[in-house]
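Heads up, the thing below is written out as structure tokens.
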Amino acid sequence: MTKRIILGALLGSTLLAGAATAQEVTLTIESWRNDDLSIWQDQIIPAFEAAHPDIKLNFTPSAPAEYNAVLNSKLDAGSAGDLITCRPFDASLALYEGGKLADLSDLDGMSNFSDVAKSGWSTDDGSATYCVPMASVIHGFIYNKDAFEELGVEEPQTVEEFFAVLDAFKEDGGYIPMAMGTNDQWEAATMGYQNIGPNYWKGEEGRQALLSGEASLTDPEWVAPYEQLARWGDYLGDGFEAQTYPDSQNLFTLGRAAIYPAGSWEVSGFNNLADFEMGAFPPPVPNEGDECYISDHTDIGIGMNAATEHPDAAKTFLDWVASPEFATLYANALPGFFPLSETPVEIEDPLAQEFASWRQECNSTIRSTYQILSRGTPNLENETWNASAQVIKGAETPSDAGARLQEGLASWYEPKP
């Protein structure tokens, strides 16, 4: 009798264990952020699984340049993960409109985000949001504090002061005044035009005017950033025309350049490479007392594969991504990627803190070419890369660049009244 009881107990425990195992769900996450693999494995996933032991996470990133093509192939084949890391605007919008991403408008955690924060992953009319906003990146300038102290110069507040600092370094000759090349083109626009431009077109005011057709790329406020960029070439060092993005990163982190036009995503990498103290300043305003604007660009979100077999578990994870706990964890695991939720987050890294502090001082906007305006041919984003590089090299005048971009945009874009 005793043996039967023991056997029965063993069978019962086996069945219970089987039932518990059956309840466990593993969610696979698609992403282009392969640099973040260890952060997900060592910090983010353990934190989530500790609070949700029945849901396991598998982070499976692709190479950044291949992500869109790989993801689309997987989605078409029905082999994509349950959770999809979302680039902002059109690439993700196309996935939603194609039925690949689920509508998350009713997700409880969405109440933690403003309409601007959700704009990168919402339909044009704002009626549906299909990815939870994770982080933005902020543009400005990172500088070598040792170099500034050596020459006795301070962070510039105005454009005139900015060029005075560059002149001081050029005259001294000990450092390349500013590290940026034009070989890859994109950084000339992203860390050049889109960095300094919002101070001229007044951020969201100008961007919305361009969308509505009330403004043109030939207007003074859109040409003015090119007029500043046309002066940059004198300070970028010999051979900047052939200098690649990695070349520029190396010049700065090796201590050979004083200033680096930056996106905040550089913070964690530069912290590991530079053996000098770094500071950061926002894009200088045209005139003393002018209101300041920063590019605080919606960069990364995460959504749900509409075909997932585990929608409830996926929504549990997405609600957690929308929480203050995740925002704090992510911001400090990846300094330079800033939460978009409305809950304040304490950031530990000093350089990242500096970037984030500009949100309190300046008006935030997003890159002017990303929403709607790069859907046609010629593609305004790619054309802006080229125009920015040509202007810096002196191969195109600022007014000609503005005229070329406006002509291309007008050839396919008809503003909605």
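Every chain in the structure tokens has a letter given in the order shown (A, B, ...), and although residue numbers restart at 1 in each chain, ligands are simply numbered from 1 in the order shown.
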
- Contacts of Phe240 of chain A at 7 Å or less, counting only C-alpha atoms, minus same-chain residues fewer than 4 places along, as a PyMOL selection string? chain A and resi 180-182+236

- Task: Could you give me the residues within segment 293-404 of chain A that DSSP places in alpha helix (DSSP H), as a VMD selection string?
- Result: chain A and resid 311 to 321 324 to 333 350 to 361 380 to 393 398 to 404

Restricting the output to C-alpha atoms, write the selected residues as a short mmCIF file (atom, residue, chain, number, x, y, z; two decimals), in the first residue's frame.
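And here is the file that came out, again_21.cif:
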```cif
data_model
loop_
_atom_site.label_atom_id
_atom_site.label_comp_id
_atom_site.auth_asym_id
_atom_site.auth_seq_id
_atom_site.Cartn_x
_atom_site.Cartn_y
_atom_site.Cartn_z
CA PRO A 311 0.05 37.26 -28.01
CA ASP A 312 -0.75 37.40 -24.28
CA ALA A 313 2.84 36.71 -23.26
CA ALA A 314 4.11 39.18 -25.87
CA LYS A 315 1.80 41.90 -24.52
CA THR A 316 2.99 41.17 -20.98
CA PHE A 317 6.55 41.81 -22.13
CA LEU A 318 5.59 44.94 -24.08
CA ASP A 319 3.79 46.39 -21.04
CA TRP A 320 6.99 45.82 -19.09
CA VAL A 321 9.00 47.63 -21.80
CA PRO A 324 9.60 52.94 -15.56
CA GLU A 325 11.58 49.84 -14.49
CA PHE A 326 12.57 49.03 -18.07
CA ALA A 327 13.23 52.69 -18.90
CA THR A 328 15.70 53.02 -16.02
CA LEU A 329 17.37 49.71 -16.82
CA TYR A 330 17.72 50.44 -20.54
CA ALA A 331 18.94 54.02 -20.12
CA ASN A 332 21.75 52.95 -17.81
CA ALA A 333 22.64 49.76 -19.65
CA PRO A 350 27.85 61.87 -16.67
CA LEU A 351 28.18 62.36 -20.45
CA ALA A 352 24.73 60.88 -21.08
CA GLN A 353 23.38 63.09 -18.30
CA GLU A 354 24.71 66.12 -20.15
CA PHE A 355 22.87 65.19 -23.36
CA ALA A 356 19.65 64.43 -21.46
CA SER A 357 19.79 67.76 -19.59
CA TRP A 358 19.25 69.64 -22.85
CA ARG A 359 15.66 68.40 -22.87
CA GLN A 360 15.03 70.79 -19.97
CA GLU A 361 16.70 73.73 -21.71
CA LEU A 380 14.79 63.23 -49.52
CA GLU A 381 16.80 61.56 -46.75
CA ASN A 382 19.38 60.14 -49.15
CA GLU A 383 19.46 63.34 -51.17
CA THR A 384 20.10 65.31 -47.96
CA TRP A 385 23.09 63.06 -47.25
CA ASN A 386 24.56 63.92 -50.64
CA ALA A 387 23.75 67.62 -50.49
CA SER A 388 25.29 67.99 -47.03
CA ALA A 389 28.50 66.28 -48.12
CA GLN A 390 28.73 68.33 -51.34
CA VAL A 391 28.21 71.61 -49.50
CA ILE A 392 30.90 70.80 -46.91
CA LYS A 393 33.33 69.91 -49.71
CA PRO A 398 23.94 76.19 -50.08
CA SER A 399 21.29 77.79 -52.29
CA ASP A 400 21.83 75.24 -55.06
CA ALA A 401 21.54 72.41 -52.54
CA GLY A 402 18.24 73.79 -51.24
CA ALA A 403 16.89 74.25 -54.77
CA ARG A 404 17.89 70.71 -55.80
#
```

Dump as a Markdown table the rows for residues of segment 230-294 of chain A within 9 Å of segment 138-148 of chain A: closest atom pair and distance in Å with one decimal, only C-alpha atoms counted, ordered by chain and rising residue number.
```
| residue | atom | partner | partner_atom | distance |
| --- | --- | --- | --- | --- |
| A:Phe252 | CA | A:Asn144 | CA | 8.1 |
| A:Thr253 | CA | A:Asn144 | CA | 8.9 |
| A:Gly255 | CA | A:Asn144 | CA | 7.4 |
| A:Ala257 | CA | A:Asn144 | CA | 7.7 |
| A:Ala258 | CA | A:Asn144 | CA | 5.2 |
| A:Ile259 | CA | A:Tyr143 | CA | 4.4 |
| A:Tyr260 | CA | A:Ile142 | CA | 5.2 |
| A:Pro261 | CA | A:Phe141 | CA | 4.5 |
| A:Ala262 | CA | A:Phe141 | CA | 5.2 |
| A:Gly263 | CA | A:His139 | CA | 4.5 |
| A:Ser264 | CA | A:Ile138 | CA | 5.3 |
| A:Trp265 | CA | A:Ile138 | CA | 8.0 |
| A:Val267 | CA | A:Ile142 | CA | 8.9 |
| A:Phe276 | CA | A:Asp146 | CA | 6.7 |
| A:Glu277 | CA | A:Lys145 | CA | 5.6 |
| A:Met278 | CA | A:Asn144 | CA | 5.0 |
| A:Gly279 | CA | A:Tyr143 | CA | 5.3 |
| A:Ala280 | CA | A:Ile142 | CA | 4.3 |
| A:Phe281 | CA | A:Phe141 | CA | 5.4 |
| A:Pro282 | CA | A:Gly140 | CA | 4.6 |
| A:Pro283 | CA | A:Gly140 | CA | 5.4 |
| A:Pro284 | CA | A:Gly140 | CA | 8.9 |
| A:Ile294 | CA | A:His139 | CA | 6.7 |
```

- Item | All residues 12 Å or closer to Ser79 of chain A, only C-alpha atoms, same chain fewer than 3 positions away omitted, as a PyMOL selection string | chain A and resi 28-30+70-76+82-83+100+305+307-309

How would the residues just picked look written out with C-alpha atoms as a PDB file, in the first residue's frame?
```
ATOM      1  CA  THR A  28      11.972  35.370 -29.666  1.00  0.00           C
ATOM      2  CA  ILE A  29      13.020  38.991 -30.242  1.00  0.00           C
ATOM      3  CA  GLU A  30      14.178  40.220 -33.650  1.00  0.00           C
ATOM      4  CA  VAL A  70      16.268  39.553 -43.170  1.00  0.00           C
ATOM      5  CA  LEU A  71      13.205  40.546 -41.155  1.00  0.00           C
ATOM      6  CA  ASN A  72      10.987  40.898 -44.221  1.00  0.00           C
ATOM      7  CA  SER A  73      12.081  37.474 -45.462  1.00  0.00           C
ATOM      8  CA  LYS A  74      11.338  35.875 -42.098  1.00  0.00           C
ATOM      9  CA  LEU A  75       7.948  37.555 -41.838  1.00  0.00           C
ATOM     10  CA  ASP A  76       6.997  36.429 -45.337  1.00  0.00           C
ATOM     11  CA  ASP A  82       7.262  37.008 -31.638  1.00  0.00           C
ATOM     12  CA  LEU A  83       8.629  40.490 -30.935  1.00  0.00           C
ATOM     13  CA  LYS A 100       2.920  42.075 -40.116  1.00  0.00           C
ATOM     14  CA  ASN A 305       4.452  40.027 -34.751  1.00  0.00           C
ATOM     15  CA  ALA A 307       1.271  36.121 -36.387  1.00  0.00           C
ATOM     16  CA  THR A 308       2.727  35.267 -32.973  1.00  0.00           C
ATOM     17  CA  GLU A 309       1.280  32.201 -31.279  1.00  0.00           C
TER      18      GLU A 309
END
```

- Message: For a quick check of understanding, using only C-alpha atoms, which of A:Leu104, A:Ile366, A:Ile302, A:Ala410 has the smallest distance to Cys86 of chain A?
- Response: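 Checking each of A:Leu104, A:Ile366, A:Ile302, A:Ala410 against Cys86 of chain A, counting only C-alpha atoms, the winner is A:Ile302.
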
- Would you list the contacts of Thr85 of chain A as an MDAnalysis selection string, taking every protein, DNA or RNA residue within 10 Å and counting only C-alpha atoms, but skipping same-chain residues closer than 2 positions in sequence? chainID A and resid 29:33 61 67 71 81 83 87:88 92 131:134 300:305

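Proximity ranking of A:Ser114, A:Ser323, A:Gln228, A:Ser105 relative to Thr129 of chain A places A:Ser105 first, based on only C-alpha atoms.
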
- Item | Pairwise distance for atom CA of Asp125 of chain A and atom CA of Tyr370 of chain A, rounded to one decimal in Å |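 Straight-line distance from atom CA of Asp125 of chain A to atom CA of Tyr370 of chain A works out to 15.7 Å.
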
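Shortest atom-to-atom contact with Gly109 of chain A among A:Glu221, A:Glu342, A:Asp124, A:Asp290: A:Glu342, counting only C-alpha atoms.
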
- Just how far from atom CA of Ala128 of chain A is atom CA of Met110 of chain A, in Å to one decimal?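 That distance, rounded to one decimal, is 11.1 Å.
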
- as a ChimeraX atom specification, list the residues of segment 192-313 of chain A assigned to strand (DSSP E) by DSSP on the backbone atoms of this structure. /A:257-263,278-281,293-304

- Just the residues within 8 Å of Val137 of chain A, please, counting only C-alpha atoms, with nothing from its chain fewer than 6 positions along; format it as JSON, numbers by chain. {"A": [263, 264, 265, 295, 296, 297, 298, 299, 336, 337, 338]}

- Between atom CA of Arg231 of chain A and atom CA of Ser368 of chain A, what is the distance, to one decimal in Å?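 Separation between atom CA of Arg231 of chain A and atom CA of Ser368 of chain A: 21.8 Å.
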
- Spatial neighbours of segment 207-210 of chain A, 10 Å, only C-alpha atoms, chain gap at least 3 places, as an MDAnalysis selection string: chainID A and resid 198 201:204 213:217 222 365:369 371 373 415
